[in-house]
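A short worksheet on the structure shown next.
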Amino acid sequence: MSSLTYALFSPIHVGNMDLQHRVVLAPLTCVCTHTNHVPTPQAPVYYSQRGSMPGTLLVTEATFISQKAGGYDNVPGIYTDAQVEEWKKITEAVHKKGSFIFLQLWALSRAAEPAVLVKEDNSPYVSASPIPLPGKADVPRALTMDEVTEYVTMYVTAATNAIRAGFDSFIQDVTNQCTDEYGGSIENHSRFALKVTDAIVEAVGAERMAFRISLWGVFSGMGMAEPKPQFSYLVEQLRKHKLAYIHIVELMPAEVSDEKNSDFICDTWQGVEGSTFISTNGHTRNSAIEMVDNKGGLIGFGRLFMPNPNLPFCLLKNIALERGDQATWYMSGNLTPGGYLDWPFVPENEQQIQ
């Protein structure tokens with residue numbers, strides 16, 4: 001059977017983008033920006049390589065909405081003019097390839113390193129509630145109501161900065177034990193995320209916004225005992241906006257069971273006009289083909305996209321994939337091409353990078 005008969009390699013309209021296939025670059029935090037959180041000159045090459053097959057959707061590495069929402073070294077930001085100017089070079093490089101790029105906005109909350117916050121601007125270490133990160137002694141201060149409003153504004157500012165640059169965690173009860181309007185009930189736990197969504201949609205338009213969900217994730221001490229009621233409500237509320245897409249971080253294949261899976265989110269989101277979903281985590285070529293053939297949507301690849309810069313072409317032609325060297329992927333402050341730009345294109349696709 002020809003690969004072109006699989007839905008994974010068929011066009012789809014998403015938001016205001018006409019994608020030529022369903023293979024998406026998922027966010028990959030590389031911790032290799034300058035100390036002022038400005039992307040390096042290598043970043044346009046990195047992203048344009050992965051957008052070399054026209055009509056590809058790329059989602060960037062997580063990017064800080066403001067200095068006080070950060071707390072890691074060598075992660076990009078979108079809150080200064082210098083950062084915006086470098087992101088412009090990245091979006092222009094991707095658009096020259098005929099592809100599209102979304103920016104992932106990030107606020108670290110209690111996952112931040114307090115020493116980095118102090119070093120950069122003596123910013124407070126805050127979270128939804130004063131609950132320390134597992135294994136850490138530092139206890140964050142709970143955000144005030146005024147600060148919550150400020151964070152909504154910071155998200156909106158970051159989103160408008162992203163548009164300038166050319167770009168087309170209050171949910172879980174593990175960290176949110178607020179007793180005010182942002183805590184307690186399922187509705188209140190969703191309130192902050194929905195306020196941010198409402199504000200960004202008003203500022204830049206629903207077709208330019210997406211929402212990423214990791215309901216089974218355990219990073220930074222996450223992991224609700226029963227996340228389905230919370231996330232069912234959240235996704236149902238998000239439907240009204242007709243966002244470009246909803247991005248679902250799945251369990252690894254070996255962890256999926258009848259009780260633990262994300263099918264209900266895909267099912268809830270189906271039927272939102274002009275929108276779709278991205279399924280990410282642990283997909284192979286075969287599982288991606290099966291998923292899209294049976295349920296539609298798009299498939300996000302992360303680990304496989306790093307050593308295979310023209311991954312969509314490789315999947316289309318069923319070419320053997322490089323596995324990569326993960327030891328070179330997260331070298332904080334690494335400004336060299338090693339492990340970042342030095343992965344070769346397969347010979348069949350060399351014409352894509354001329």
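Every chain in the structure tokens takes a letter, A first, then B, and so on in the order presented; its residues are numbered from 1, and the ligands are numbered from 1 following the presented order.
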Residue neighbourhood range 273-281 of chain A, 7 Å, only C-alpha atoms, exclusion window fewer than 5 positions, as a list in words: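 Returned residues: His13, Val14, Gly15, Lys242, Leu243, Ala244, Tyr245, Ile246, His247, Ile248, Val249, Glu250, Leu251, Met252, Cys266, Gly297, Leu298, Ile299, Gly300 and Phe301 of chain A.
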Counting only C-alpha atoms, what is within 8 Å of Lys228 in chain A, bar same-chain residues fewer than 3 positions away, as a compact mmCIF listing (two decimals) with C-alpha atoms, in the first residue's frame?
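Final file, selection.txt:
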# COMPACT_ATOMS: atom_id res chain seq x y z
CA LEU A 215 -3.56 14.89 32.40
CA PHE A 231 -10.14 17.51 32.46
CA SER A 232 -13.51 16.52 31.01
Close residues, Ser10 in chain A itself excluded, 12 Å, only C-alpha atoms, min 6 positions apart in chain, as number ranges by chain: A: 3-4, 18-23, 55-56, 289, 292-293, 296-298, 312, 316
DSSP on the backbone: which residues in range 102-151 of chain A end up as alpha helix (DSSP H)? Give the answer as a ChimeraX atom specification. /A:114-121,145-151
With N, CA, C and O atoms retained, write the just-selected residues as a tab-separated table (two decimals), in the first residue's frame.
chain	number	residue	atom	x	y	z
A	114	PRO	N	14.49	28.49	42.75
A	114	PRO	CA	14.47	29.78	43.45
A	114	PRO	C	15.75	30.59	43.27
A	114	PRO	O	15.70	31.82	43.16
A	115	ALA	N	16.90	29.92	43.21
A	115	ALA	CA	18.17	30.64	43.07
A	115	ALA	C	18.24	31.39	41.75
A	115	ALA	O	18.82	32.49	41.67
A	116	VAL	N	17.63	30.83	40.70
A	116	VAL	CA	17.62	31.51	39.40
A	116	VAL	C	16.72	32.73	39.46
A	116	VAL	O	17.05	33.80	38.92
A	117	LEU	N	15.58	32.62	40.11
A	117	LEU	CA	14.67	33.76	40.25
A	117	LEU	C	15.35	34.91	41.00
A	117	LEU	O	15.24	36.07	40.62
A	118	VAL	N	16.07	34.57	42.07
A	118	VAL	CA	16.77	35.59	42.85
A	118	VAL	C	17.89	36.21	42.04
A	118	VAL	O	18.07	37.45	42.03
A	119	LYS	N	18.64	35.39	41.34
A	119	LYS	CA	19.77	35.87	40.56
A	119	LYS	C	19.35	36.84	39.47
A	119	LYS	O	20.02	37.85	39.23
A	120	GLU	N	18.22	36.58	38.83
A	120	GLU	CA	17.84	37.37	37.67
A	120	GLU	C	17.17	38.69	38.04
A	120	GLU	O	17.44	39.72	37.44
A	121	ASP	N	16.26	38.66	39.01
A	121	ASP	CA	15.59	39.92	39.35
A	121	ASP	C	15.01	39.88	40.76
A	121	ASP	O	14.08	40.61	41.08
A	145	MET	N	-4.41	37.28	44.90
A	145	MET	CA	-5.40	37.45	43.85
A	145	MET	C	-4.92	38.46	42.81
A	145	MET	O	-5.13	38.27	41.61
A	146	ASP	N	-4.26	39.51	43.25
A	146	ASP	CA	-3.72	40.50	42.31
A	146	ASP	C	-2.66	39.87	41.41
A	146	ASP	O	-2.58	40.19	40.22
A	147	GLU	N	-1.84	38.99	41.99
A	147	GLU	CA	-0.80	38.34	41.19
A	147	GLU	C	-1.40	37.37	40.18
A	147	GLU	O	-0.87	37.22	39.06
A	148	VAL	N	-2.49	36.72	40.53
A	148	VAL	CA	-3.17	35.84	39.57
A	148	VAL	C	-3.61	36.66	38.36
A	148	VAL	O	-3.41	36.27	37.20
A	149	THR	N	-4.20	37.82	38.62
A	149	THR	CA	-4.62	38.70	37.54
A	149	THR	C	-3.41	39.15	36.71
A	149	THR	O	-3.48	39.23	35.48
A	150	GLU	N	-2.29	39.41	37.39
A	150	GLU	CA	-1.08	39.81	36.69
A	150	GLU	C	-0.59	38.70	35.76
A	150	GLU	O	-0.12	38.95	34.65
A	151	TYR	N	-0.69	37.45	36.21
A	151	TYR	CA	-0.25	36.33	35.38
A	151	TYR	C	-1.11	36.20	34.13
A	151	TYR	O	-0.62	35.88	33.04
Using only C-alpha atoms: which of A:Phe313, A:Gln42, A:Gly70, A:Val75 has the shortest distance to Met331 in chain A: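 Ranked by minimum distance to Met331 in chain A, first place goes to A:Val75.
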Residues within 10 Å of Thr91 in chain A, please, as a PDB file with C-alpha atoms, in the first residue's frame. Count only C-alpha atoms; anything in the same chain fewer than 3 positions from it doesn't count.
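Final file, part-v9.pdb:
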ATOM      1  CA  PRO A  44      16.444  29.468  12.883  1.00  0.00           C
ATOM      2  CA  TYR A  47      13.527  24.953  13.245  1.00  0.00           C
ATOM      3  CA  SER A  48      13.762  25.448   9.476  1.00  0.00           C
ATOM      4  CA  GLU A  86      15.306  36.699  17.418  1.00  0.00           C
ATOM      5  CA  TRP A  87      12.020  34.800  17.281  1.00  0.00           C
ATOM      6  CA  LYS A  88      11.181  36.799  14.132  1.00  0.00           C
ATOM      7  CA  VAL A  94      10.215  28.378   8.908  1.00  0.00           C
ATOM      8  CA  HIS A  95       7.805  30.305   6.677  1.00  0.00           C
ATOM      9  CA  LYS A  96      10.395  30.324   3.875  1.00  0.00           C
ATOM     10  CA  SER A  99       5.721  25.529   7.025  1.00  0.00           C
ATOM     11  CA  PHE A 100       4.016  26.864  10.166  1.00  0.00           C
ATOM     12  CA  ILE A 101       5.118  27.455  13.752  1.00  0.00           C
ATOM     13  CA  PHE A 102       3.312  27.859  17.079  1.00  0.00           C
ATOM     14  CA  LEU A 103       4.969  29.091  20.284  1.00  0.00           C
ATOM     15  CA  ALA A 162       4.369  36.008  19.656  1.00  0.00           C
ATOM     16  CA  ALA A 165       7.350  37.749  16.140  1.00  0.00           C
ATOM     17  CA  GLY A 166       5.380  36.092  13.350  1.00  0.00           C
ATOM     18  CA  PHE A 167       3.944  33.099  15.142  1.00  0.00           C
ATOM     19  CA  ASP A 168       0.856  31.952  13.215  1.00  0.00           C
TER      20      ASP A 168
END
Quick check for you: according to DSSP on this backbone, which residues of range 98-230 of chain A are classed as strand (DSSP E or B)? Reply as an MDAnalysis selection string. chainID A and resid 100:106 126:127 141:142 210:213
Any idea what the distance is between CA of Pro347 in chain A and CA of Ser52 in chain A?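 We find that CA of Pro347 in chain A and CA of Ser52 in chain A lie 13.8 Å from each other.
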Please identify all polymer residues within 10 Å of Cys314 in chain A, counting only C-alpha atoms, omitting same-chain residues fewer than 5 positions from it, and present them as a list of chain:residue names.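 Everything that qualifies: A:Arg285, A:Asn308, A:Pro309, A:Ile319, A:Ala320, A:Leu321, A:Phe345, A:Val346, A:Glu348, A:Asn349.
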What is the distance, in Å and to one decimal place, between CA of Tyr125 in chain A and CA of Glu113 in chain A?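 According to the coordinates, CA of Tyr125 in chain A and CA of Glu113 in chain A are separated by 8.2 Å.
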Have a look at A:Asn294, A:Thr160, A:Asn16, A:Thr29 and name the one nearest to Trp329 in chain A; count only C-alpha atoms.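 Using only C-alpha atoms, the shortest distance to Trp329 in chain A belongs to A:Thr29.
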Neighbour list for Gln104 in chain A as number ranges by chain, cut-off 8 Å, only C-alpha atoms, skip fewer than 5 positions in-chain: A: 27, 59-63
Could you save the residues just selected, with N, CA and C atoms, as a short mmCIF file (atom, residue, chain, number, x, y, z; two decimals), in the first residue's frame?
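As a result, selection.cif now contains:
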data_model
loop_
_atom_site.label_atom_id
_atom_site.label_comp_id
_atom_site.auth_asym_id
_atom_site.auth_seq_id
_atom_site.Cartn_x
_atom_site.Cartn_y
_atom_site.Cartn_z
N PRO A 27 6.87 20.08 21.33
CA PRO A 27 7.83 20.92 22.05
C PRO A 27 8.99 20.11 22.64
N VAL A 59 5.84 23.07 16.80
CA VAL A 59 5.54 23.72 18.08
C VAL A 59 6.87 23.90 18.80
N THR A 60 7.16 25.12 19.20
CA THR A 60 8.48 25.42 19.74
C THR A 60 8.68 24.83 21.14
N GLU A 61 9.93 24.89 21.57
CA GLU A 61 10.26 24.60 22.95
C GLU A 61 9.49 25.55 23.86
N ALA A 62 9.23 25.11 25.10
CA ALA A 62 8.51 25.95 26.05
C ALA A 62 9.25 27.25 26.27
N THR A 63 8.50 28.36 26.32
CA THR A 63 9.08 29.71 26.31
C THR A 63 8.44 30.54 27.42
#
Report the distance between CA of Ala327 in chain A and CA of Tyr340 in chain A in Å, rounded to one decimal place.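 CA of Ala327 in chain A sits 11.4 Å away from CA of Tyr340 in chain A.
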Calculated over only C-alpha atoms, which of the candidates A:Gly282, A:Ser127, A:Glu322, A:His189 has the smallest distance to Val256 in chain A?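 With only C-alpha atoms as the atom set, the closest residue is A:Gly282.
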